[in-house]
Amino acid sequence: MVYSLSGIRLISTPFVYRPAGSTSQGDRKTPNLSLYLKHPSRKIFVQKSSYDSDSPSSTVAASEKVLVPGGMSNGSSSTADQLEVAETVSGDSQILPDIDSIEMEDDSEIEDDDVQTPSGYQEVAGKQDFVSSSTEEKDVTVANVEKSVASYDISMEKDLVRQRSIPSPHTGQRIYEIDPLLRSHREHLDYRYAHYRRMREAIDKYEGGLEVFSRGYEKFGFTSSAAGITYREWAPGAKSAALIGDFNNWNPNADVMTRNEFGVWEIFLPNNADGSPPIPHGSRVKIRMNTPSGIKDSIPAWIKFSVQAPGEIPYNGIYYDPPEEEQYIFKHPRPKKPKSLRIYESHVGMSSTEPIINTYANFRDDVLPRIKRLGYNAVQIMAIQEHSYYASFGYHVTNFFAPSSRFGTPDDLKSLIDRAHELGLLVLMDIVHSHASNNTLDGLNMFDGTDSHYFHSGSRGYHWMWDSRLFNFGHWEVLRFLLSNARWWLEEYKFDGFRFDGVTSMMYTHHGLQVAFSGNYNEYFGFATDVDAVVYLMLVNDLIHGLFPESITVGEDVSGMPTFCIPVQDGGVGFDYRLHMAIADKWIELLKKRDEDWRVGDIVFTLTNRRWLEKCISYAESHDQALVGDKTIAFWLMDKDMYDFMALDRPTTPLIDRGIALHKMIRLVTMALGGEGYLNFMGNEFGHPEWIDFPRGDQHLPDGRIIPGNNNSYDKCRRRFDLFMTSEHHYISRKDEGDRLIIFERGNLVFVFNFHWCNSYSDYRVGCLKPGKYKIVLDSDDPLFGGFSRVDHNAEYFTSEGWYDDRPRSFLVYSPSRTAVVYALTEDVPKPELEGPELEPEPEPEPVES
C-alpha cells in the first residue's frame with residue numbers, strides 16, 4: 001500500500017554522498033577527492049611529544065598480575081521547518097495512530113606489589129604533564145569556571161571536562177545491602193571489584209588517570225602541530241611500516257616509519273616550505289606494513305574519516321582536517337537529562353521516504369522536527385561508526401572513530417546533533433564495543449598480520465554466529481582504544497550517551513549463545529563470566545559518568561545480570577538503564593496465540609519483572625523485529641490485510657479492527673507499565689507497513705548454492721513517513737483473567753486496559769488511591785486513533801470512599817472491549833455528596849455485548 005500525504009515537505013532531492021573527481025589508487029598522481037579542500041596549516045601550537053610507547057605484550061588478564069605500559073607526554077590540543085504530518089492519507093485511508101506521541105506528566109589501598117612494572121616502562125604518575133591538581137582543587141576550578149558564565153557555553157565544555165575528576169573506587173560493598181542474594185556469591189563479586197580497583201590504580205599510576213588515558217586520540221593516529229603532522233600506530237606484529245597516500249603519490253619508500261621497543265610505529269612530517277601542511281585536508285591515506293601474513297595496506301586504526309570511492313571496493317582513510325572557516329561550531333547547550341526517556345530509535349540512511357541512502361543534513365531538517373513533534377525527548381541513532389557492509393545495520397564496525405561517510409561528512413553529523421540539542425532532544429549513539437568486523441581490508445581484523453592484535457586469538461576471538469572478531473578486554477592497548485573511542489564521540493560530537501550493543505556477548509565467554517538464562521544467580525557468577533569484559537564496562541561507565549555527569553548509558557543485556565544498573569562505586573556494573581528485551585519477545589509469543597489464550601497476569605508479570613533500583617527501557621518492538629525474516633507487531637496483527645482494507649471509503653475487516661485496537665493497547669501498556677523509559681523504532685509508531693531489507697546481491701556459497709538477493713534494491717530500506725513514566729507511585733490493583741482487564745495507577749493517572757475480544761463492561765468499579773474528580777485524557781477508542789468512540793470524553797468520574805481492590809477509593813467507568821483508557825485526577829477533593837460509608841463488595845458487572 002503506497003501512502004501519499006498532502007501538506008508534508010518531502011525529501012525531494014536525494015543527496016547520496018559521492019565525492020566527485022575521485023580515482024582509484026592506481027592513479028597515484030591524482031590528488032585527493034574533490035570533496036576535500038586544501039587549506040593553510042591549522043594554527044594549533046602543540047609541541048611534538050616525547051613519547052615512550054606501549055608494550056605489545058602488556059596483556060592484563062583477570063587471573064594475572066597487571067602489566068602496564070610506559071608513559072607518554074601529555075600532548076595538548078587545544079530551523080528547519082516543522083514537518084507537518086496529515087492525519088489521513090489520500091483515499092481517506094486510516095493510519096495507525098501514534099500512541100507514543102502522548103506526553104504524560106510526569107577503600108582499602110592496593111599494595112604496590114600487586115602491579116608489576118616491566119623493565120623499560122616509565123612510571124609517570126609524578127610527572128606534571130600527566131597529573132593535574134588535586135580533586136579538591138579541580139572541583140573548585142570547575143565551579144569557578146561554571147560560575148563565570150551567565151549561561152552554559154558549549155564551546156567551553158572541553159576545558160571543563162578536563163578539569164573534572166573521576167571518583168576513586170570505593171569498597172564496592174553496597175551491592176550486598178541492595179540485593180542480599182548476592183552474598184552467596186561474594187567471593188566472585190569481591191574478586192571482580194578488586195580487579196577493577198587494580199586497573200584503576202594501574203591507570204592512575206602509569207597513565208595519569210582515566211581522564212588522560214581516555215585521550216588516546218591525541219597520541220595515536222594523526223595529530224597536527226604548528227610544525228607539522230605526527231602519525232603513530234600500534235602494530236607490534238609488523239616488520240616494517242610506511243605511510244602512503246595521495247600526498248606522496250602512494251610511494252612506500254617516501255615516508256618510512258620507525259618502530260620503538262613496544263611496537264608503536266611513528267613518523268613526523270614537517271610542514272611544506274610554504275608553510276602548508278604536508279598532508280592536505282581530504283587526502284587519502286593508508287599504512288603499508290610488512291606483516292607475518294604478507295604485505296598489506298590498512299586504514300589507520302584511529303582514522304577519523306574513511307570513504308569508499310565510486311567503483312572501488314575497499315575504503316580509503318581520509319586525512320580530515322578542514323580549515324577553521326569550514327569547521328562546524330556547536331551553538332546550543334546539551335539538554336538536561338530528563339527524569340524519564342522517550343527514545344526514538346533511528347537510522348539516518350533509511351530515514352527517507354525515497355529508496356535512497358539519506359543524509360545527515362536531510363535527517364536534521366526533515367526527521368528531527370518530526371521526532372520533536374511526536375513527543376520524544378531523545379533520539380537514538382544507529383550505524384554511526386563506519387561500517388563497510390551497509391546491510392550489517394552498522395554492527396560490523398570497521399573504523400571506530402569515523403562517522404559513516406555514506407550519510408555525509410563529520411561536520412554534517414555535528415550539525416545534526418546541534419540541531420537536535422536546539423530542539424531539546426538528547427542524542428544517544430548506538431555504540432558497538434562488543435565485537436568488530438571480520439573485514440581485513442578496511443577494519444582492525446589482522447591489522448598487523450596477526451589474529452591476536454586487538455582481539456583474542458583462536459576460537460575465543462571469533463563470534464561464530466555474528467562472523468565477527470571479539471576484543472581482548474584484558475589488553476592495555478585495547479582498553480585505551482575503546483575508552484578513548486567512547487570519550488571521542490561524547491567530546492568531539494557532543495553525543496549525550498550510548499546504547500551499548502551486545503553486552504551479553506561481552507560478559508560471558510559463551511556469549512549467551514545457546515544458553516537459556518533462568519535467573520539463577522549461579523548462571524551469572526562463575527567461570528563462564530568474562531571478568532575482563534565486565535571490568536571494562538565498569539571502567540567505561542566510570543569514565544562517562546565522571547567526565548560527563550549528564551550522560552546516559554543503556555546496556556543491551558538479555559541475560560539479566562544482577563548489579564547491572566547499580567553504580568560502580570557500590571560494586572555494580574554502572575549502567576543507567578537496561579533494555580527490557582523480554583517484553584518484545586512476550587508480545588510476539590502472545591500474538592501467535594488466540595485472544596482467548598492471553599493471560600493478563602502473564603502480561604503484567606513480564607512488564608513489571610525487574611530488580612529493585614534497576615531502571616529499564618521498555619519497548620514493544622525495536623529494529624530487530626522490523627528486519628526481513630521477522631515481523632513487526634502491525635504485520636503480526638493484520639498481515640496482508642494492511643494493504644487492502646485500511647481505507648475509510650471501503651469496508652474494513654475484523655482482522656483490521658482487531659489489529660488497530662491491539663496495536664494501540666500493546667504500545668500504551670508497554671509504555672505505562674514496562675519501565676522507567678520507552679523506546680520506539682522509527683515508523684513503528686504508526687504501524688509501518690513494510691519490513692527492512694537492506695540492498696544486497698546474490699550470495700554464491702562455496703558449495704555452489706546461491707542465496708538470492710534483492711537486486712540491490714533500496715525499496716524496503718526506507719521509512720514510509722508519507723503514509724509518561726517517571727512517577728514513583730505505581731500500583732497494579734487488578735489483573736482479572738475472567739474479564740481480561742488490567743488496572744493500575746501511575747502518579748495521578750489510572751489506566752484501564754480491556755483485552756477482552758468481545759465483552760464490554762458498564763459501571764465497572766476501578767480502585768484508586770487519590771480522591772477527587774477524574775477525566776479521560778487518553779482513549780485508544782477515539783476516532784482520532786481509528787476507534788469507534790464508545791466512551792464519552794465529557795463525562796466526569798468522582799471517587800467514592802471505601803476499599804476496593806485494596807485501594808481506599810474507587811469510581812465507576814464504562815470499559816469497551818479492546819480499549820485502553822487513561823483517567824487523570826483533576827481535583828483533589830471529591831464532591832461532598834459522593835462521600836459515604838465504606839462500600840460493601842459489589843457483584844461483578846455484567847458484560848455488555850460490543
# chains A, B, ... in the order shown; residues from 1 in each chain; ligands from 1
call {"tool": "residues_around", "arguments": {"residues": "stretch 553-562 of chain A", "least_positions_apart": "2", "cutoff": "6 Å", "atoms": "only C-alpha atoms", "output": "JSON, numbers by chain"}}
result
{"A": [497, 498, 499, 500, 501, 502, 503, 504, 517, 564, 575, 576, 577, 578, 579]}
call {"tool": "write_last_selection", "arguments": {"atoms": "all heavy atoms", "output": "tab-separated table (two decimals), in the first residue's frame"}}
result
chain	number	residue	atom	x	y	z
A	497	GLY	N	25.14	10.27	25.24
A	497	GLY	CA	25.21	8.96	25.87
A	497	GLY	C	25.18	7.86	24.84
A	497	GLY	O	25.22	8.11	23.63
A	498	PHE	N	25.09	6.64	25.33
A	498	PHE	CA	25.22	5.48	24.45
A	498	PHE	C	24.20	4.39	24.79
A	498	PHE	O	23.81	4.22	25.95
A	498	PHE	CB	26.61	4.85	24.58
A	498	PHE	CG	27.74	5.76	24.25
A	498	PHE	CD1	28.59	6.23	25.24
A	498	PHE	CD2	27.98	6.15	22.94
A	498	PHE	CE1	29.64	7.06	24.95
A	498	PHE	CE2	29.04	6.99	22.63
A	498	PHE	CZ	29.87	7.44	23.64
A	499	ARG	N	23.80	3.68	23.78
A	499	ARG	CA	23.22	2.35	23.93
A	499	ARG	C	24.34	1.39	23.57
A	499	ARG	O	24.80	1.33	22.43
A	499	ARG	CB	22.03	2.16	23.00
A	499	ARG	CG	21.50	0.72	22.99
A	499	ARG	CD	21.14	0.33	21.58
A	499	ARG	NE	20.47	-0.95	21.47
A	499	ARG	CZ	20.96	-2.00	20.82
A	499	ARG	NH1	22.15	-1.94	20.24
A	499	ARG	NH2	20.27	-3.12	20.73
A	500	PHE	N	24.82	0.63	24.55
A	500	PHE	CA	25.91	-0.32	24.30
A	500	PHE	C	25.30	-1.60	23.74
A	500	PHE	O	24.50	-2.28	24.40
A	500	PHE	CB	26.67	-0.62	25.59
A	500	PHE	CG	27.70	0.42	25.93
A	500	PHE	CD1	27.35	1.59	26.58
A	500	PHE	CD2	29.04	0.23	25.58
A	500	PHE	CE1	28.30	2.56	26.89
A	500	PHE	CE2	29.99	1.19	25.88
A	500	PHE	CZ	29.62	2.35	26.53
A	501	ASP	N	25.72	-1.94	22.55
A	501	ASP	CA	25.18	-3.11	21.86
A	501	ASP	C	25.88	-4.39	22.32
A	501	ASP	O	27.07	-4.39	22.64
A	501	ASP	CB	25.38	-2.95	20.34
A	501	ASP	CG	24.91	-4.17	19.57
A	501	ASP	OD1	23.70	-4.41	19.53
A	501	ASP	OD2	25.77	-4.89	19.03
A	502	GLY	N	25.12	-5.48	22.33
A	502	GLY	CA	25.69	-6.81	22.52
A	502	GLY	C	26.42	-7.02	23.83
A	502	GLY	O	27.41	-7.75	23.87
A	503	VAL	N	25.93	-6.42	24.93
A	503	VAL	CA	26.64	-6.52	26.20
A	503	VAL	C	26.63	-7.95	26.73
A	503	VAL	O	27.59	-8.39	27.36
A	503	VAL	CB	26.03	-5.54	27.22
A	503	VAL	CG1	26.65	-5.72	28.59
A	503	VAL	CG2	26.22	-4.11	26.74
A	504	THR	N	25.56	-8.70	26.47
A	504	THR	CA	25.53	-10.10	26.91
A	504	THR	C	26.69	-10.88	26.31
A	504	THR	O	27.35	-11.67	26.99
A	504	THR	CB	24.20	-10.75	26.52
A	504	THR	OG1	23.12	-10.02	27.08
A	504	THR	CG2	24.13	-12.19	27.02
A	517	PHE	N	18.88	-18.36	30.11
A	517	PHE	CA	19.04	-17.82	31.46
A	517	PHE	C	17.73	-17.95	32.21
A	517	PHE	O	16.68	-17.49	31.76
A	517	PHE	CB	19.48	-16.36	31.39
A	517	PHE	CG	20.88	-16.16	30.90
A	517	PHE	CD1	21.13	-15.88	29.57
A	517	PHE	CD2	21.95	-16.27	31.77
A	517	PHE	CE1	22.42	-15.70	29.10
A	517	PHE	CE2	23.26	-16.09	31.33
A	517	PHE	CZ	23.49	-15.81	29.99
A	564	PHE	N	23.71	-4.93	37.30
A	564	PHE	CA	23.94	-4.29	36.01
A	564	PHE	C	23.73	-2.77	36.08
A	564	PHE	O	24.49	-2.00	35.50
A	564	PHE	CB	23.01	-4.90	34.97
A	564	PHE	CG	23.35	-4.59	33.54
A	564	PHE	CD1	24.44	-5.18	32.92
A	564	PHE	CD2	22.56	-3.72	32.80
A	564	PHE	CE1	24.74	-4.90	31.60
A	564	PHE	CE2	22.86	-3.44	31.48
A	564	PHE	CZ	23.95	-4.04	30.87
A	575	PHE	N	25.60	0.82	34.61
A	575	PHE	CA	24.70	1.37	33.59
A	575	PHE	C	23.55	2.13	34.24
A	575	PHE	O	23.12	1.83	35.36
A	575	PHE	CB	24.14	0.25	32.71
A	575	PHE	CG	25.13	-0.28	31.70
A	575	PHE	CD1	25.85	-1.43	31.96
A	575	PHE	CD2	25.32	0.38	30.50
A	575	PHE	CE1	26.77	-1.91	31.03
A	575	PHE	CE2	26.23	-0.10	29.56
A	575	PHE	CZ	26.96	-1.24	29.84
A	576	ASP	N	23.02	3.11	33.50
A	576	ASP	CA	21.83	3.83	33.97
A	576	ASP	C	20.56	3.02	33.73
A	576	ASP	O	19.65	3.03	34.55
A	576	ASP	CB	21.71	5.18	33.25
A	576	ASP	CG	22.83	6.12	33.61
A	576	ASP	OD1	23.07	6.33	34.81
A	576	ASP	OD2	23.49	6.64	32.69
A	577	TYR	N	20.50	2.36	32.58
A	577	TYR	CA	19.31	1.60	32.19
A	577	TYR	C	19.70	0.28	31.58
A	577	TYR	O	20.76	0.15	30.96
A	577	TYR	CB	18.48	2.36	31.14
A	577	TYR	CG	17.88	3.67	31.59
A	577	TYR	CD1	18.60	4.86	31.47
A	577	TYR	CD2	16.59	3.74	32.10
A	577	TYR	CE1	18.05	6.08	31.84
A	577	TYR	CE2	16.02	4.96	32.48
A	577	TYR	CZ	16.76	6.11	32.35
A	577	TYR	OH	16.21	7.31	32.72
A	578	ARG	N	18.81	-0.69	31.71
A	578	ARG	CA	18.89	-1.94	30.97
A	578	ARG	C	17.74	-1.96	29.96
A	578	ARG	O	16.62	-1.54	30.27
A	578	ARG	CB	18.74	-3.13	31.92
A	578	ARG	CG	18.79	-4.49	31.22
A	578	ARG	CD	18.07	-5.57	32.02
A	578	ARG	NE	18.60	-5.75	33.35
A	578	ARG	CZ	19.69	-6.47	33.64
A	578	ARG	NH1	20.35	-7.07	32.66
A	578	ARG	NH2	20.11	-6.58	34.88
A	579	LEU	N	18.01	-2.44	28.76
A	579	LEU	CA	16.94	-2.65	27.79
A	579	LEU	C	16.10	-3.85	28.23
A	579	LEU	O	16.63	-4.94	28.45
A	579	LEU	CB	17.50	-2.91	26.40
A	579	LEU	CG	17.94	-1.70	25.59
A	579	LEU	CD1	18.52	-2.14	24.26
A	579	LEU	CD2	16.78	-0.75	25.33
call {"tool": "residues_around", "arguments": {"residues": "stretch 704-715 of chain A", "least_positions_apart": "6", "cutoff": "6 Å", "atoms": "only C-alpha atoms", "output": "list in words"}}
result
Pro355, Pro695, Arg696, Gly697 and Asp698 of chain A
call {"tool": "atom_distance", "arguments": {"atom1": "atom CA of A:Lys494", "atom2": "atom CA of A:Pro549"}}
result
13.1 Å
call {"tool": "residues_around", "arguments": {"residues": "stretch 327-343 of chain A", "least_positions_apart": "5", "cutoff": "8 Å", "atoms": "only C-alpha atoms", "output": "PyMOL selection string"}}
result
chain A and resi 152-155+322+375-380+411-412+414-415+418-419+421-422+424-426+494+496+550-552+617+676-680+724-726
call {"tool": "select_by_dssp", "arguments": {"residues": "stretch 389-526 of chain A", "states": "strand (DSSP E)", "output": "list in words"}}
result
Asn399, Phe400, Phe401, Ala402, Pro403, Leu426, Val427, Leu428, Met429, Asp430, Ile431, Ala436, Ser437, Tyr462, His463, Ser468, Arg469, Gly497, Phe498, Arg499 and Phe500 of chain A
call {"tool": "atom_distance", "arguments": {"atom1": "atom CA of A:Tyr774", "atom2": "atom CA of A:Leu812"}}
result
10.5 Å
call {"tool": "residues_around", "arguments": {"residues": "A:Leu543", "least_positions_apart": "4", "cutoff": "10 Å", "atoms": "only C-alpha atoms", "output": "ChimeraX atom specification"}}
result
/A:165-167,210-211,214,483-484,486-487,537-539,547-549
